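S.K.: Shown below is the structure under consideration.
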Amino acid sequence: MAYTVSGVLHCRIASGTPGQKRALVRAAARMALERNASQITREYLPGQLEEAQSALALELSEWRQVDARWPIEIKARLVLRLEGEAAARAQAYEDALRDQQLHHELYESRVSYMRDKVLGDADTARAWWLERHREGHQLIAWDEFNTHILPFVGRAEDAQTNAMRTAYVLAQVVERLEDDPARHKLFVTTARFLMKEMDWPDLAEALSLAEQRKLQPEQ
């Protein structure tokens with residue numbers, strides 16, 4: 001970043017230095033000042049003008065020797081400014097940085113909302129899925145949501161979620177047996193037997209009725 005600099009440079013030369021060398025010593029002092037200032041300011045971002053100014057003041061507030069080869073010490077009081085094109089570039093950088101920070105904060109907010117609210121319990125997760133579909137946002141198929149998302153919800157072991165998960169598995173079983181009547185019949189017979197053994201005759205009867213309706217020709 002190109003700063004505009006103003007201020008006062010002080011230099012002192014050891015006594016006994018030949019007069020003809022004084023101009024060279026002053027030139028060396030200016031070069032040393034520019035070098036030191038450049039080394040300090042390049043460590044700061046464009047928006048850290050005050051920090052760079054403070055670091056520069058701290059470095060140059062006391063007498064310090066420029067170079068062991070020269071009998072000279074310097075100190076300075078400088079003011080840094082950003083002007084013209086440098087100021088415009090610095091402002092553009094700050095705007096881009098704020099934009100990125102805003103995007104990051106919005107992303108963190110969305111993640112926190114999903115983690116703490118939407119995925120906090122199964123009922124809220126299901127309501128979120130329904131709302132997304134109602135509003136026409138990017139859709140997640142119910143099968144995908146039910147099998148890949150809902151099981152990881154914080155308290156997804158509620159009765160409704162477990163029942164839906166089991167129903168989904170059974171629906172997949174029935175679908176796979178559609179093209180295999182023999183295995184389908186075996187599965188239904190086994191299921192009815194287990195229901196009776198579990199003392200659920202009503203469920204066994206309901207399964208039989210469902211199979212009968214399935215076999216009836218459509219009117």
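Please note that chains go A, B, ... in the order of the structure tokens, that every chain numbers its residues from 1, and that ligands are numbered from 1 in the order shown.
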Which of stretch 2-207 of chain A counts as alpha helix (DSSP H) under DSSP, as a PyMOL selection string please?
M.R.: chain A and resi 22-41+49-60+84-116+122-134+142-144+159-177+181-197+201-207
S.K.: Pick out the residues sitting within 7 Å of stretch 85-102 of chain A, and hand them over as a list of chain:residue names; count only C-alpha atoms, and ignore anything fewer than 4 positions along from it in its own chain.
M.R.: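 Near neighbours after the sequence-gap exclusion: A:Met1, A:Ala2, A:Pro46, A:Gly47, A:Leu106.
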S.K.: For the structure I just gave you, how does DSSP split stretch 10-210 of chain A - specifically, which residues are strand (DSSP E or B)? Reply as a ChimeraX atom specification.
M.R.: /A:10-13,64-65,72-81
S.K.: Do you have the atom CA of A:Tyr3-atom CA of A:Leu60 distance handy?
M.R.: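 A separation of 16.8 Å between them.
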S.K.: Need to verify the contact set: stretch 203-208 of chain A, 9 Å, only C-alpha atoms, exclusion of same-chain residues closer than 2 positions in sequence. Can you return it as a ChimeraX atom specification?
M.R.: /A:188,191-196,200-201,210-213
S.K.: What does the distance from atom CA of A:Leu119 to atom CA of A:Ile149 come to in Å, to one decimal?
M.R.: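 Distance between the two atoms: 8.9 Å.
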